[in-house]
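Note: the block below is my_file-v7.tsv and it holds TSV, C-alpha atoms.
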```
chain	number	residue	atom	x	y	z
A	185	MET	CA	74.11	112.15	74.12
A	186	HIS	CA	75.15	109.03	76.01
A	187	SER	CA	77.28	106.16	74.75
A	188	PRO	CA	75.29	102.95	74.11
A	189	LEU	CA	75.41	100.34	76.87
A	190	ILE	CA	77.12	97.53	74.97
A	191	VAL	CA	78.08	94.68	77.29
A	192	GLU	CA	81.80	93.84	77.20
A	193	PRO	CA	82.32	90.80	79.49
A	194	GLN	CA	86.11	91.25	79.57
A	195	ASP	CA	86.02	94.96	80.36
A	196	PRO	CA	87.00	95.61	84.03
A	197	LYS	CA	84.16	98.10	84.46
A	198	TRP	CA	81.54	95.60	83.29
A	199	LEU	CA	83.12	92.87	85.44
A	200	LEU	CA	82.83	95.12	88.49
A	201	LEU	CA	79.20	95.94	87.69
A	202	GLN	CA	78.45	92.23	87.28
A	203	LYS	CA	79.72	91.57	90.82
A	204	VAL	CA	77.66	94.47	92.19
A	205	LEU	CA	74.47	93.17	90.55
A	206	ALA	CA	75.23	89.66	91.80
A	207	VAL	CA	75.07	90.97	95.39
A	208	VAL	CA	71.64	92.52	94.72
A	209	SER	CA	70.43	89.13	93.41
A	210	THR	CA	71.48	87.17	96.50
A	211	ARG	CA	68.98	85.46	98.78
A	212	ARG	CA	70.15	87.61	101.70
A	213	THR	CA	69.25	90.81	99.81
A	214	LYS	CA	65.82	89.44	98.99
A	215	GLN	CA	65.33	88.59	102.66
A	216	GLU	CA	66.19	92.17	103.63
A	217	LEU	CA	63.65	93.54	101.15
A	218	SER	CA	60.95	91.21	102.42
A	219	LYS	CA	61.80	91.84	106.09
A	220	LYS	CA	61.47	95.62	105.64
A	221	GLY	CA	58.11	95.19	103.86
A	222	ILE	CA	59.27	96.26	100.38
A	223	THR	CA	57.18	94.06	98.11
A	224	PRO	CA	56.85	92.54	95.60
A	225	VAL	CA	60.50	91.56	96.05
A	226	ALA	CA	61.05	90.75	92.37
A	227	SER	CA	59.93	94.24	91.30
A	228	ALA	CA	62.06	95.85	94.00
A	229	GLU	CA	65.11	93.89	92.88
A	230	GLN	CA	64.57	94.94	89.25
A	231	ALA	CA	64.14	98.62	90.15
A	232	ILE	CA	67.27	98.67	92.32
A	233	LYS	CA	69.34	96.93	89.66
A	234	ILE	CA	68.30	99.36	86.92
A	235	ALA	CA	68.93	102.36	89.19
A	236	LEU	CA	72.42	101.08	90.07
A	237	VAL	CA	73.27	100.54	86.39
A	238	ALA	CA	72.14	104.11	85.65
A	239	MET	CA	74.35	105.50	88.44
A	240	PHE	CA	77.29	103.30	87.48
A	241	PHE	CA	77.36	104.79	83.97
A	242	SER	CA	76.14	108.28	85.02
A	243	VAL	CA	73.00	108.12	82.88
A	244	ASP	CA	69.32	108.35	83.78
A	245	ILE	CA	66.97	105.43	84.35
A	246	ALA	CA	64.98	106.14	81.18
A	247	PHE	CA	68.12	105.70	79.07
A	248	VAL	CA	68.92	102.33	80.70
A	249	VAL	CA	65.36	101.10	80.10
A	250	GLN	CA	65.55	102.26	76.47
A	251	GLU	CA	68.84	100.38	75.98
A	252	MET	CA	67.35	97.25	77.57
A	253	ARG	CA	64.51	97.29	75.07
A	254	THR	CA	66.88	97.10	72.12
A	255	ARG	CA	69.66	94.95	73.64
A	256	LYS	CA	68.76	91.45	74.75
A	257	LYS	CA	72.34	90.89	75.90
A	258	LEU	CA	72.04	93.82	78.30
A	259	ARG	CA	68.80	92.43	79.76
A	260	ARG	CA	70.48	89.08	80.26
A	261	PHE	CA	73.51	90.75	81.88
A	262	ILE	CA	71.34	92.69	84.36
A	263	GLY	CA	69.22	89.61	85.02
A	264	ILE	CA	65.90	91.04	83.87
A	265	PRO	CA	64.53	88.96	80.98
A	266	ASP	CA	61.31	90.96	80.56
A	267	ILE	CA	61.06	94.53	79.29
A	268	VAL	CA	60.01	96.94	82.05
A	269	SER	CA	58.60	100.44	81.72
A	270	VAL	CA	60.15	103.61	83.12
A	271	ASP	CA	56.88	104.43	84.92
A	272	THR	CA	57.05	101.10	86.78
A	273	ILE	CA	60.54	101.90	88.11
A	274	TYR	CA	59.68	105.45	89.20
A	275	ARG	CA	56.37	104.30	90.70
A	276	PHE	CA	58.19	101.76	92.85
A	277	PHE	CA	60.64	104.35	94.25
A	278	SER	CA	57.92	106.95	94.81
A	279	LYS	CA	55.74	104.65	96.93
A	280	CYS	CA	58.61	103.54	99.19
A	281	ASP	CA	58.73	105.22	102.59
A	282	GLU	CA	61.98	107.16	103.08
A	283	ALA	CA	62.86	105.61	106.46
A	284	GLN	CA	61.93	102.17	105.18
A	285	PHE	CA	64.19	102.63	102.16
A	286	VAL	CA	67.15	103.83	104.25
A	287	SER	CA	66.69	100.82	106.52
A	288	VAL	CA	66.74	98.31	103.67
A	289	ILE	CA	69.84	99.90	102.11
A	290	SER	CA	71.61	99.64	105.48
A	291	GLY	CA	70.53	96.02	105.73
A	292	ILE	CA	71.92	95.18	102.28
A	293	LEU	CA	75.22	96.87	103.07
A	294	ASN	CA	75.51	95.04	106.39
A	295	SER	CA	74.77	91.71	104.71
A	296	CYS	CA	77.57	92.13	102.18
A	297	CYS	CA	80.11	93.33	104.78
A	298	THR	CA	80.06	90.38	107.16
A	299	HIS	CA	83.67	91.01	108.26
A	300	ARG	CA	82.79	94.24	110.14
A	301	ARG	CA	81.82	94.25	113.81
A	302	LYS	CA	84.74	92.27	115.16
A	303	ARG	CA	84.08	94.21	118.31
A	304	GLY	CA	86.57	95.99	120.51
A	305	ASN	CA	87.10	99.69	120.15
A	306	MET	CA	86.33	100.79	116.59
A	307	THR	CA	87.14	103.88	114.53
A	308	PHE	CA	84.61	105.91	112.53
A	309	LEU	CA	85.26	108.76	110.09
A	310	ILE	CA	82.63	111.50	109.72
A	311	ASP	CA	82.43	114.29	107.15
A	312	ALA	CA	79.87	116.21	105.09
A	313	THR	CA	79.64	117.32	101.47
A	314	ALA	CA	77.33	119.47	99.34
A	315	ILE	CA	74.66	117.80	97.21
A	316	THR	CA	73.82	120.12	94.32
A	317	LEU	CA	70.51	119.91	92.48
A	318	ASP	CA	70.57	119.93	88.68
A	319	LEU	CA	68.51	123.08	88.14
A	320	ASN	CA	68.07	124.81	84.78
A	321	TRP	CA	69.29	128.33	85.58
A	322	PHE	CA	68.68	129.54	82.03
A	323	ARG	CA	64.99	128.78	82.39
A	324	ARG	CA	64.35	129.97	85.94
A	325	THR	CA	66.16	131.54	88.88
A	326	PHE	CA	65.32	131.11	92.57
A	327	SER	CA	65.41	133.80	95.25
A	328	LYS	CA	65.55	133.10	99.01
A	329	LYS	CA	61.90	134.11	99.32
A	330	GLN	CA	60.85	131.63	96.64
A	331	LEU	CA	62.77	128.88	98.42
A	332	GLU	CA	60.86	129.35	101.70
A	333	LYS	CA	58.16	126.98	100.46
A	334	ARG	CA	60.64	124.55	98.90
A	335	GLU	CA	62.36	121.62	100.57
A	336	PHE	CA	65.79	122.53	99.15
A	337	LYS	CA	67.68	125.67	100.19
A	338	TRP	CA	70.58	127.91	99.26
A	339	GLY	CA	73.87	126.70	100.70
A	340	TYR	CA	77.56	127.50	100.59
A	341	SER	CA	80.73	125.42	100.79
A	342	PRO	CA	84.36	126.44	100.08
A	343	SER	CA	84.69	123.80	97.35
A	344	HIS	CA	81.32	124.42	95.63
A	345	GLY	CA	80.68	128.10	96.36
A	346	HIS	CA	76.98	129.03	96.53
A	347	TYR	CA	74.61	126.25	95.51
A	348	ILE	CA	71.02	125.09	95.88
A	349	GLY	CA	70.63	121.68	97.42
A	350	TYR	CA	71.43	119.70	100.53
A	351	LYS	CA	74.26	118.74	102.85
A	352	LEU	CA	75.07	115.03	103.07
A	353	THR	CA	76.73	113.74	106.25
A	354	LEU	CA	78.34	110.33	105.83
A	355	VAL	CA	79.78	108.06	108.51
A	356	ILE	CA	82.16	105.29	107.46
A	357	GLU	CA	83.96	102.64	109.41
A	358	TYR	CA	87.77	102.50	109.35
A	359	PRO	CA	89.64	100.63	107.89
A	360	SER	CA	86.89	98.78	105.97
A	361	LEU	CA	85.40	102.13	104.69
A	362	HIS	CA	81.97	100.55	105.10
A	363	PRO	CA	79.20	103.25	105.12
A	364	VAL	CA	77.18	102.98	108.33
A	365	CYS	CA	75.08	106.17	108.47
A	366	ILE	CA	73.62	108.77	106.08
A	367	LEU	CA	72.03	112.08	107.12
A	368	LEU	CA	70.64	114.73	104.76
A	369	HIS	CA	69.89	118.39	105.57
A	370	PRO	CA	68.53	121.20	103.32
A	371	GLY	CA	71.02	123.97	102.54
A	372	SER	CA	74.33	123.96	104.41
A	373	PRO	CA	73.93	124.05	108.20
A	374	HIS	CA	77.26	124.37	109.98
A	375	ASP	CA	78.94	121.09	110.87
A	376	SER	CA	79.37	122.04	114.54
A	377	VAL	CA	75.57	122.43	114.83
A	378	LEU	CA	74.97	119.00	113.27
A	379	TYR	CA	77.41	117.27	115.65
A	380	GLU	CA	74.75	116.55	118.30
A	381	GLU	CA	72.26	115.15	115.77
A	382	VAL	CA	74.86	112.93	114.09
A	383	MET	CA	76.14	111.51	117.37
A	384	THR	CA	72.62	110.98	118.75
A	385	ASP	CA	71.65	109.03	115.63
A	386	LEU	CA	74.79	106.88	115.84
A	387	LYS	CA	74.12	106.14	119.52
A	388	ARG	CA	70.40	105.41	118.95
A	389	ARG	CA	71.25	102.87	116.25
A	390	ARG	CA	74.02	101.37	118.41
A	391	ILE	CA	76.64	102.04	115.77
A	392	ILE	CA	78.98	103.73	118.23
A	393	ARG	CA	79.70	102.09	121.56
A	394	ILE	CA	81.67	102.90	124.69
A	395	GLY	CA	85.31	103.66	123.92
A	396	ASP	CA	85.02	104.01	120.13
A	397	LEU	CA	87.11	106.62	118.33
A	398	VAL	CA	85.14	109.05	116.16
A	399	VAL	CA	87.20	111.30	113.85
A	400	PHE	CA	85.90	114.69	112.65
A	401	ASP	CA	87.45	117.56	110.68
A	402	LYS	CA	87.76	121.17	111.91
A	403	GLY	CA	84.20	122.06	110.89
A	404	TYR	CA	82.85	120.21	113.95
A	405	TYR	CA	85.26	121.95	116.34
A	406	SER	CA	84.05	123.34	119.66
A	407	TYR	CA	85.01	122.67	123.28
A	408	GLY	CA	81.40	121.72	123.98
A	409	ASN	CA	81.51	118.98	121.35
A	410	TYR	CA	84.61	117.46	122.96
A	411	VAL	CA	82.84	117.45	126.33
A	412	ASN	CA	79.60	115.94	125.01
A	413	GLY	CA	81.50	113.27	123.10
A	414	ILE	CA	83.05	112.00	126.32
A	415	PHE	CA	80.34	112.55	128.94
A	416	LYS	CA	77.18	112.10	126.86
A	417	PHE	CA	78.19	109.64	124.13
A	418	ASN	CA	81.07	107.85	125.91
A	419	VAL	CA	83.42	107.93	122.91
A	420	VAL	CA	86.71	109.60	122.03
A	421	PRO	CA	85.62	112.57	119.83
A	422	LEU	CA	88.80	113.36	117.89
A	423	ILE	CA	87.83	116.69	116.33
A	424	PHE	CA	90.73	118.35	114.52
A	425	SER	CA	91.49	121.54	116.41
A	426	LYS	CA	91.87	125.10	115.14
A	427	LYS	CA	94.76	127.51	115.74
A	428	ASN	CA	93.38	128.97	118.97
A	429	PHE	CA	92.93	125.54	120.57
A	430	SER	CA	94.36	125.08	124.07
A	431	VAL	CA	94.76	121.70	125.75
A	432	LYS	CA	94.74	123.44	129.14
A	433	LYS	CA	91.40	125.12	128.35
A	434	LEU	CA	89.96	121.79	127.23
A	435	MET	CA	91.10	120.14	130.47
A	436	ASN	CA	89.27	122.86	132.42
A	437	HIS	CA	86.07	121.87	130.59
A	438	LEU	CA	86.51	118.17	131.30
A	439	ASN	CA	85.20	118.15	134.86
A	440	TYR	CA	83.05	115.26	136.05
A	441	PRO	CA	79.36	116.09	135.50
A	442	ILE	CA	77.26	116.41	138.66
A	443	TRP	CA	74.83	113.68	137.61
A	444	ILE	CA	77.41	110.89	138.10
A	445	PHE	CA	77.64	111.45	141.87
A	446	GLY	CA	75.40	109.55	144.26
A	447	ARG	CA	75.08	106.57	141.87
A	448	SER	CA	76.09	102.99	142.50
A	449	ASP	CA	78.46	103.11	139.47
A	450	THR	CA	80.09	106.48	140.20
A	451	LYS	CA	83.62	105.04	140.47
A	452	LEU	CA	83.15	103.06	137.25
A	453	LEU	CA	82.01	106.18	135.38
A	454	MET	CA	84.91	108.22	136.76
A	455	VAL	CA	87.41	105.62	135.53
A	456	ARG	CA	85.71	105.48	132.12
A	457	PHE	CA	85.61	109.27	131.63
A	458	ARG	CA	89.21	109.63	132.81
A	459	SER	CA	90.31	106.97	130.29
A	460	LEU	CA	88.39	108.61	127.41
A	461	ALA	CA	89.78	112.06	128.25
A	462	SER	CA	93.32	110.72	128.45
A	463	ARG	CA	93.02	109.04	125.04
A	464	LEU	CA	91.56	112.22	123.52
A	465	ILE	CA	94.41	114.41	124.81
A	466	ASN	CA	97.03	111.93	123.54
A	467	HIS	CA	95.42	111.84	120.08
A	468	LEU	CA	95.16	115.64	119.92
A	469	ARG	CA	98.91	115.86	120.53
A	470	SER	CA	99.65	113.55	117.58
A	471	ILE	CA	97.14	114.55	114.88
A	472	PRO	CA	99.12	113.90	111.60
A	473	PRO	CA	98.53	110.09	111.47
A	474	PHE	CA	94.79	110.66	111.81
A	475	MET	CA	94.74	113.33	109.08
A	476	GLU	CA	95.77	110.71	106.54
A	477	LYS	CA	93.03	108.35	107.76
A	478	ARG	CA	90.38	111.08	107.66
A	479	SER	CA	91.37	112.00	104.09
A	480	LEU	CA	89.98	108.62	103.02
A	481	ILE	CA	86.41	109.87	103.45
A	482	GLU	CA	87.20	112.71	101.04
A	483	ASP	CA	88.29	110.10	98.48
A	484	VAL	CA	85.01	108.26	99.11
A	485	PHE	CA	83.07	111.47	98.34
A	486	LYS	CA	85.13	112.10	95.17
A	487	THR	CA	84.41	108.58	93.97
A	488	ALA	CA	80.68	108.98	94.62
A	489	LYS	CA	80.58	112.29	92.74
A	490	ASN	CA	82.96	111.63	89.86
A	491	ALA	CA	82.31	107.94	89.20
A	492	PHE	CA	78.70	107.48	90.33
A	493	SER	CA	76.93	110.73	89.40
A	494	LEU	CA	76.40	112.23	92.86
A	495	ARG	CA	77.78	115.59	91.75
A	496	LYS	CA	74.38	116.85	90.52
A	497	ILE	CA	71.05	115.21	91.27
A	498	HIS	CA	67.99	115.64	89.09
A	499	ARG	CA	65.55	115.39	92.04
A	500	TYR	CA	63.71	118.18	93.86
A	501	THR	CA	62.13	116.81	97.07
A	502	SER	CA	63.80	115.60	100.25
A	503	ARG	CA	62.24	112.15	99.85
A	504	SER	CA	63.48	111.62	96.31
A	505	VAL	CA	66.92	113.10	97.02
A	506	ALA	CA	67.30	110.89	100.12
A	507	LYS	CA	66.45	107.74	98.13
A	508	THR	CA	68.82	108.70	95.31
A	509	VAL	CA	71.64	109.37	97.78
A	510	CYS	CA	70.93	106.04	99.53
A	511	LEU	CA	71.17	104.17	96.23
A	512	ASN	CA	74.43	105.97	95.46
A	513	VAL	CA	75.85	105.03	98.86
A	514	LEU	CA	74.67	101.44	98.30
A	515	LEU	CA	76.56	101.31	95.00
A	516	LEU	CA	79.60	102.87	96.63
A	517	GLY	CA	79.47	100.49	99.60
A	518	LEU	CA	79.14	97.42	97.36
A	519	VAL	CA	82.10	98.52	95.22
A	520	ILE	CA	84.22	99.16	98.34
A	521	SER	CA	83.28	95.73	99.74
A	522	LEU	CA	84.49	94.16	96.47
A	523	GLY	CA	88.06	95.31	97.11
A	524	PHE	CA	88.17	99.06	96.36
A	525	ASP	CA	88.96	99.90	99.99
A	526	LYS	CA	92.36	101.58	99.65
A	527	LYS	CA	93.16	105.21	98.90
A	528	VAL	CA	94.82	104.44	95.55
A	529	ASP	CA	91.87	102.24	94.51
A	530	LEU	CA	89.34	104.99	95.26
A	531	GLN	CA	91.42	107.57	93.39
A	532	ARG	CA	91.65	105.34	90.32
A	533	LEU	CA	87.94	104.61	90.48
A	534	SER	CA	87.06	108.32	90.67
A	535	GLU	CA	89.08	108.91	87.48
A	536	TRP	CA	87.66	105.85	85.67
```

Turn this file's structure into structure tokens for me.
Amino acid sequence: MHSPLIVEPQDPKWLLLQKVLAVVSTRRTKQELSKKGITPVASAEQAIKIALVAMFFSVDIAFVVQEMRTRKKLRRFIGIPDIVSVDTIYRFFSKCDEAQFVSVISGILNSCCTHRRKRGNMTFLIDATAITLDLNWFRRTFSKKQLEKREFKWGYSPSHGHYIGYKLTLVIEYPSLHPVCILLHPGSPHDSVLYEEVMTDLKRRRIIRIGDLVVFDKGYYSYGNYVNGIFKFNVVPLIFSKKNFSVKKLMNHLNYPIWIFGRSDTKLLMVRFRSLASRLINHLRSIPPFMEKRSLIEDVFKTAKNAFSLRKIHRYTSRSVAKTVCLNVLLLGLVISLGFDKKVDLQRLSEW
């Protein structure tokens, strides 16, 4: 049983939601929807608004629509004067292409975070978390064999134990905490295996550039990942090391690759790789300051799960889960852009 959605204009939570919805109503957001081919724009705006309200109060879309039918003040607050049906909202999300939807969410986030990209070397924080599906275990259980034909899989994480669902990899910019990349995988593939895919996607989308610092936790640790970060992606891959880590062994792996020789820019590449390797070694010798920075992404995950209902998702296909996660990250990114970009702010928000 959910509490009724009674608008309280002076309540801080409703004030924050009002600012979030105002961003969705801007001309720039409508341009992003139109540019990515999500039409009609008015229907798309309504569907996104209702979905964000549902996530903000950790209720389902049907409950929000039901409340809108009986509360004119709520319809006016959301900015939707007409009564819409639940089927209309779900039909809109179901017909959207997954890649198209991810692209438009990224566009909206970029449009509301105009202060980012003051270029020079930038810092990115990368981590992953479990996305658990809201399955009714009392009604039905799932074996590994039954899951072979399903899109979701069994997974395991130290914080969640065994679960059925997905692994979400999130990349955020530091210090703005602006989300820049979302990747979703069934089950719980090991982080070190996902390293190559994450970095390739960041490079393809030109999010990371030469000389950027990319911070990972110990799950992504391997000597090969350090090497690829420098020679293949041209960044400083600060992966927190494990107990058996040896700087000397890493240095032995950091030999110039053969392919750089015989080129017109060989000397330039040698200087670049030497600079990246030097920065990496210096950072690895002074890890504690970066541990505090990296902990911010954990606070971002806690806020998404505790405040915005990402802990359990009532969706059962990769397409629907991906869209739900994107909407959650959109809500999270908009809230962060409105001033909740400090550790203490995120902690308070997660306990709201």

Please provide as a PyMOL selection string all residues within 12 Å of Gln284 (chain A), with the sequence filter that same-chain residues fewer than 3 positions apart are discarded (counting all atoms listed in the file).
-> chain A and resi 216-223+277+279-281+287-291+503+506-507+510

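You can rank A:Ile394, A:Leu386, A:Leu205, A:Leu511 by their closest distance to Ile414 (chain A) using only C-alpha atoms, and at the top of that list sits A:Ile394.
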
Of the candidates A:Leu367, A:Ile315, A:Leu258, A:Ala238, which shows the shortest atom-to-atom distance to Tyr500 (chain A), using all atoms listed in the file?
-> A:Ile315

Quick one, how far is CA of Tyr404 (chain A) from CA of Val355 (chain A)?
->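 That distance, rounded to one decimal, is 13.7 Å.
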
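With distances restricted to only C-alpha atoms, A:Val411 is the closest residue to Lys433 (chain A) from A:Leu236, A:Leu397, A:Val411, A:Ala314.
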
Residue with smallest distance to Ile356 (chain A) - pool A:Leu317, A:Val420, A:Ile481, A:Ile267, counting only C-alpha atoms =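 For Ile356 (chain A), the nearest of the given residues is A:Ile481.
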
Selected residue of minimal separation from Thr307 (chain A) among A:Leu368, A:Leu494, A:Leu361, A:Leu514, counting all atoms listed in the file = A:Leu361

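Distance annotation: of A:Arg532, A:His344, A:Lys486, A:Lys432, the residue with the minimal separation from Thr316 (chain A) is A:His344; atom set is only C-alpha atoms.
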
Find the spatial neighbours of region 362-364 of chain A, counting all atoms listed in the file, within a cut-off of 9 Å - ignore same-chain residues fewer than 6 positions away - and output them as a list in words.
->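 Contacts, in chain order: Ser290, Leu293, Asn294, Cys297, Arg300, Leu354, Val355, Ile356, Leu386, Ile391, Val513, Leu514, Leu516, Gly517, Leu518, Ile520, Ser521 and Asp525 of chain A.
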
What is the CA of Arg275 (chain A) to CA of Ile366 (chain A) distance in Å?
-> 23.5 Å

Six-sided padding of 5 Å per side, axis-aligned box over region 235-241 of chain A, centre and edges in Å, one decimal, as AutoDock Vina command-line options:
```
--center_x 73.1 --center_y 103.0 --center_z 87.0 --size_x 18.4 --size_y 15.0 --size_z 16.1
```

Contacts of His374 (chain A) at 9 Å (all atoms listed in the file; same-chain gap of 3+ positions) as a JSON list (two decimals) with C-alpha atoms, in the coordinates of the input:
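Contents of the output file around-v2.json:
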```
[["chain", "number", "residue", "atom", "x", "y", "z"],
["A", 377, "VAL", "CA", 75.57, 122.43, 114.83],
["A", 378, "LEU", "CA", 74.97, 119.00, 113.27],
["A", 403, "GLY", "CA", 84.20, 122.06, 110.89],
["A", 404, "TYR", "CA", 82.85, 120.21, 113.95]]
```
